[in-house]
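The next block holds one structure in the form of structure tokens; read it before the comments.
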Amino acid sequence: MANKLVDLVEGRERVAMEEIGAQADRAGKVLAKVRSVMLAPNVGKSAPKFTATQLGTLVNLNTSQIDYRVKKEGSDFPSGSLNAAGNRREFALSEVRQWCRGMRAQRMRPEGGEAIVISVANFKGGVAKTTTAVTLAQGLSIRGHKVLVVDCDPQGSLTTLFGILPDAEVEAEDTILPLCTGDETSAEYAIRNTYWDGIDLIPATSALFSAEFTLPSRQKDAVNRKEEFQFWNVLHYGLETARQNYDVIIVDTPPSLSYVTINALMAADGIITPLPPNALDFASSVQFWNLFHDVAGSLSKQGKPKVYEFIDVLLSKVDSSDAATNVVREWIGAAYGAKVLPIEIPKTSTAATASAEFGSIYDLKAGTASSRTIKRAVDAYERLVETIEDQVVSAWARQVSDMESEQ
């Protein structure tokens, strides 16, 4: 037995820090090669085009009514263009957004309203936080809303989905880190355009992790100098200008209750927590809410009490073939009640395919997966987008009502 153990030890070399560095370098080169094939700008990542039928679904018109408005003299609506075969009219995303803003005016941000900030958060990784954030942003933008997405996760997964490689194309000063250090007071400096019309991005990179040391250090220094500083409201104040320029701001958070996550949750008007119906994820969600209540509750005592427009629990990655799913679904319903959305995001090969191509279900090209599989995933996310849009419109109505009552 002893000889066998010696053989095992001799067969494995110890790993020095230099090897870890070399390993990271190799992995980075592999990712760069993958990116050269899969990501924009190398292959010109672009938003999808829409058929007249798809446009009609969004604006509640049939194809004949769309055709009539396109051909009507003096029409303000874009006419699209014929496809390569010349037998079907297609509309660019920017054109669809223009139609939606015109035909869905009652769903657009009202005069006096400001952006609704939605943070997507959960302690656990792998629960579809980033997928939910990017798909929600794309779905809302298709419907005519102007969206800002803020990547607060140093892993930069959301940034990657927009065709930007975090550690190659994003510097620390391009993230929210200068807000956290106090070098900037408004997030405007970090906003950049994306390939998706109607969505702007504040990216992330691994350097953002240093915010976890900077924020408590600033808080300690402020206390020593007897100055007022609220580390939990840095992002809230940093987004003040953006609230006037966007309709919805979506924040993707790290998989932990970090200083940055606390900032994202305290800046939010609404919270979405993706939650797969399995026992470990459910247990983790209980810890998340307990800790968040303890931390945010104590912080709220130091200022105006925090009130959210909505808090949603979204059943994600639902595997209907798993016998335990129904049991855990009941636990989640009993624990979170009406906060559980009446929508379930299925665990499908389509989602995996989209992730492998560094995109969402809206990015998938025809023929990537079976039409039935795509439809199942798209239908679920479409219902999610519609539900969140309803909550956003209601929040705007309350904003306007509160503004009028104060006058």
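Residues in the structure tokens are numbered from 1 in each chain, the chains being A, B, ... in the order shown, and ligands are numbered from 1 in the order shown.
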Please identify which residues in region 73-232 of chain A DSSP calls strand (DSSP E or B) from the backbone, and express them as JSON, numbers by chain.
-> {"A": [81, 82, 89, 90, 91, 116, 117, 118, 119, 120, 147, 148, 149, 150, 151, 192, 193, 199, 200, 201, 202]}
All helix (DSSP H, G or I) positions in region 160-354 of chain A, as an NGL selection string = :A and (160-161 or 166-169 or 172-174 or 177-181 or 187-190 or 206-224 or 231-238 or 240-245 or 259-267 or 279-300 or 324-339 or 349-354)
Which value, in Å to one decimal, gives the distance between CA of Ser206 (chain A) and CA of Val295 (chain A)?
->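 Result for CA of Ser206 (chain A) versus CA of Val295 (chain A): 25.1 Å, one decimal.
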Spatial neighbours of region 389-406 of chain A, 10 Å, only C-alpha atoms, chain gap at least 4 places, as a ChimeraX atom specification | /A:106-118,136,139-140,143,145,247-248,269-270,308-310,383-385
Mind writing the picked residues with N, CA, C and O atoms as a short mmCIF file (atom, residue, chain, number, x, y, z; two decimals), in the first residue's frame?
```cif
data_model
loop_
_atom_site.label_atom_id
_atom_site.label_comp_id
_atom_site.auth_asym_id
_atom_site.auth_seq_id
_atom_site.Cartn_x
_atom_site.Cartn_y
_atom_site.Cartn_z
N GLN A 106 -48.45 53.78 -25.72
CA GLN A 106 -48.96 53.70 -24.35
C GLN A 106 -48.08 52.84 -23.45
O GLN A 106 -48.22 52.86 -22.22
N ARG A 107 -47.14 52.09 -24.05
CA ARG A 107 -46.24 51.24 -23.26
C ARG A 107 -44.86 51.87 -23.11
O ARG A 107 -43.99 51.30 -22.47
N MET A 108 -44.66 53.05 -23.70
CA MET A 108 -43.37 53.71 -23.62
C MET A 108 -43.27 54.57 -22.35
O MET A 108 -44.27 54.89 -21.72
N ARG A 109 -42.06 54.94 -22.02
CA ARG A 109 -41.83 55.74 -20.80
C ARG A 109 -42.55 57.08 -20.90
O ARG A 109 -42.37 57.82 -21.87
N PRO A 110 -43.38 57.40 -19.92
CA PRO A 110 -44.16 58.64 -19.98
C PRO A 110 -43.34 59.87 -19.63
O PRO A 110 -42.25 59.75 -19.05
N GLU A 111 -43.85 61.01 -19.97
CA GLU A 111 -43.23 62.27 -19.58
C GLU A 111 -43.17 62.34 -18.06
O GLU A 111 -44.16 62.12 -17.36
N GLY A 112 -42.00 62.60 -17.53
CA GLY A 112 -41.85 62.66 -16.08
C GLY A 112 -41.37 61.34 -15.48
O GLY A 112 -40.96 61.31 -14.31
N GLY A 113 -41.42 60.26 -16.27
CA GLY A 113 -40.93 58.98 -15.76
C GLY A 113 -39.44 58.85 -15.99
O GLY A 113 -38.86 59.54 -16.83
N GLU A 114 -38.82 57.97 -15.24
CA GLU A 114 -37.39 57.70 -15.43
C GLU A 114 -37.16 56.21 -15.49
O GLU A 114 -38.07 55.41 -15.22
N ALA A 115 -35.95 55.83 -15.85
CA ALA A 115 -35.64 54.42 -16.06
C ALA A 115 -35.94 53.58 -14.82
O ALA A 115 -35.67 54.00 -13.69
N ILE A 116 -36.48 52.41 -15.04
CA ILE A 116 -36.67 51.44 -13.97
C ILE A 116 -35.43 50.55 -13.94
O ILE A 116 -35.05 49.97 -14.96
N VAL A 117 -34.79 50.48 -12.79
CA VAL A 117 -33.57 49.69 -12.64
C VAL A 117 -33.94 48.30 -12.13
O VAL A 117 -34.62 48.17 -11.10
N ILE A 118 -33.51 47.28 -12.86
CA ILE A 118 -33.80 45.89 -12.50
C ILE A 118 -32.49 45.15 -12.27
O ILE A 118 -31.66 45.08 -13.17
N LEU A 136 -33.75 39.48 -21.38
CA LEU A 136 -34.73 40.50 -20.99
C LEU A 136 -34.40 41.84 -21.65
O LEU A 136 -35.30 42.53 -22.17
N GLY A 139 -35.33 41.53 -25.36
CA GLY A 139 -36.79 41.51 -25.55
C GLY A 139 -37.43 42.87 -25.35
O GLY A 139 -38.32 43.27 -26.10
N LEU A 140 -36.96 43.61 -24.34
CA LEU A 140 -37.51 44.95 -24.10
C LEU A 140 -37.10 45.92 -25.20
O LEU A 140 -37.89 46.78 -25.61
N ARG A 143 -39.18 45.70 -28.27
CA ARG A 143 -40.49 46.34 -28.08
C ARG A 143 -40.42 47.86 -28.04
O ARG A 143 -41.40 48.52 -27.72
N HIS A 145 -38.11 49.87 -26.28
CA HIS A 145 -37.50 50.52 -25.13
C HIS A 145 -36.00 50.69 -25.30
O HIS A 145 -35.34 49.84 -25.92
N ASP A 247 -34.91 53.86 -20.68
CA ASP A 247 -36.21 53.41 -20.19
C ASP A 247 -36.07 52.34 -19.11
O ASP A 247 -36.79 52.34 -18.11
N VAL A 248 -35.14 51.43 -19.32
CA VAL A 248 -34.88 50.35 -18.37
C VAL A 248 -33.37 50.17 -18.24
O VAL A 248 -32.64 50.24 -19.23
N ASP A 269 -34.97 49.19 -8.64
CA ASP A 269 -36.39 49.38 -8.38
C ASP A 269 -37.09 48.02 -8.34
O ASP A 269 -38.15 47.88 -7.74
N GLY A 270 -36.50 47.03 -9.01
CA GLY A 270 -37.05 45.69 -9.03
C GLY A 270 -35.95 44.66 -9.03
O GLY A 270 -34.82 44.94 -9.46
N TYR A 308 -39.25 48.34 -2.98
CA TYR A 308 -39.10 47.87 -4.35
C TYR A 308 -40.45 47.87 -5.07
O TYR A 308 -41.48 47.58 -4.47
N GLU A 309 -40.40 48.19 -6.35
CA GLU A 309 -41.61 48.14 -7.16
C GLU A 309 -42.07 46.69 -7.35
O GLU A 309 -43.27 46.41 -7.38
N PHE A 310 -41.12 45.79 -7.48
CA PHE A 310 -41.45 44.37 -7.61
C PHE A 310 -40.24 43.52 -7.28
O PHE A 310 -39.09 43.95 -7.42
N ARG A 383 -42.88 35.54 -22.85
CA ARG A 383 -43.83 35.76 -21.76
C ARG A 383 -43.16 36.44 -20.57
O ARG A 383 -43.77 37.27 -19.89
N LEU A 384 -41.90 36.11 -20.34
CA LEU A 384 -41.16 36.80 -19.28
C LEU A 384 -41.02 38.28 -19.60
O LEU A 384 -41.28 39.14 -18.74
N VAL A 385 -40.61 38.60 -20.82
CA VAL A 385 -40.44 40.00 -21.22
C VAL A 385 -41.75 40.76 -21.09
O VAL A 385 -41.79 41.89 -20.58
#
```
Identify which of the residues A:Thr373, A:Ser94, A:Gln244, A:Thr181 lies closest to Ala211 (chain A), counting only C-alpha atoms when measuring atom-to-atom distances.
-> A:Thr181
Kindly give the distance, in Å, that separates CA of Ile388 (chain A) and CA of Leu55 (chain A), rounded to a single decimal.
->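 So the two atoms, CA of Ile388 (chain A) and CA of Leu55 (chain A), lie 19.8 Å apart.
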Which polymer residues have any atom within 8 Å of an atom of Gly80 (chain A), counting only C-alpha atoms, with same-chain residues fewer than 5 positions away left out, as a ChimeraX atom specification?
-> /A:89-92,95
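Residue nearest Lys347 (chain A), chosen from A:Ile374, A:Ala268, A:Ala335, A:Ala204 and counting only C-alpha atoms: A:Ile374.
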May I ask which of the residues A:Ser360, A:Asn263, A:Asn326, A:Thr273 is the closest one to Lys129 (chain A), counting only C-alpha atoms?
-> A:Thr273
Expressed in Å to a single decimal, how great is the separation between CA of Ser46 (chain A) and CA of Val149 (chain A)?
-> 17.5 Å
Find the residues around Leu299 (chain A) up to 9 Å (only C-alpha atoms counted), leave out those fewer than 5 positions away in its own chain, and share them as an NGL selection string.
-> :A and (230 or 232 or 294 or 305)
Please produce an output containing C-alpha atoms for each residue in the selection, written as a tab-separated table (two decimals), in the first residue's frame.
```tsv
chain	number	residue	atom	x	y	z
A	230	GLN	CA	-22.68	55.38	1.85
A	232	TRP	CA	-24.06	50.83	-0.70
A	294	ASP	CA	-30.09	41.50	7.37
A	305	PRO	CA	-36.39	52.89	3.88
```
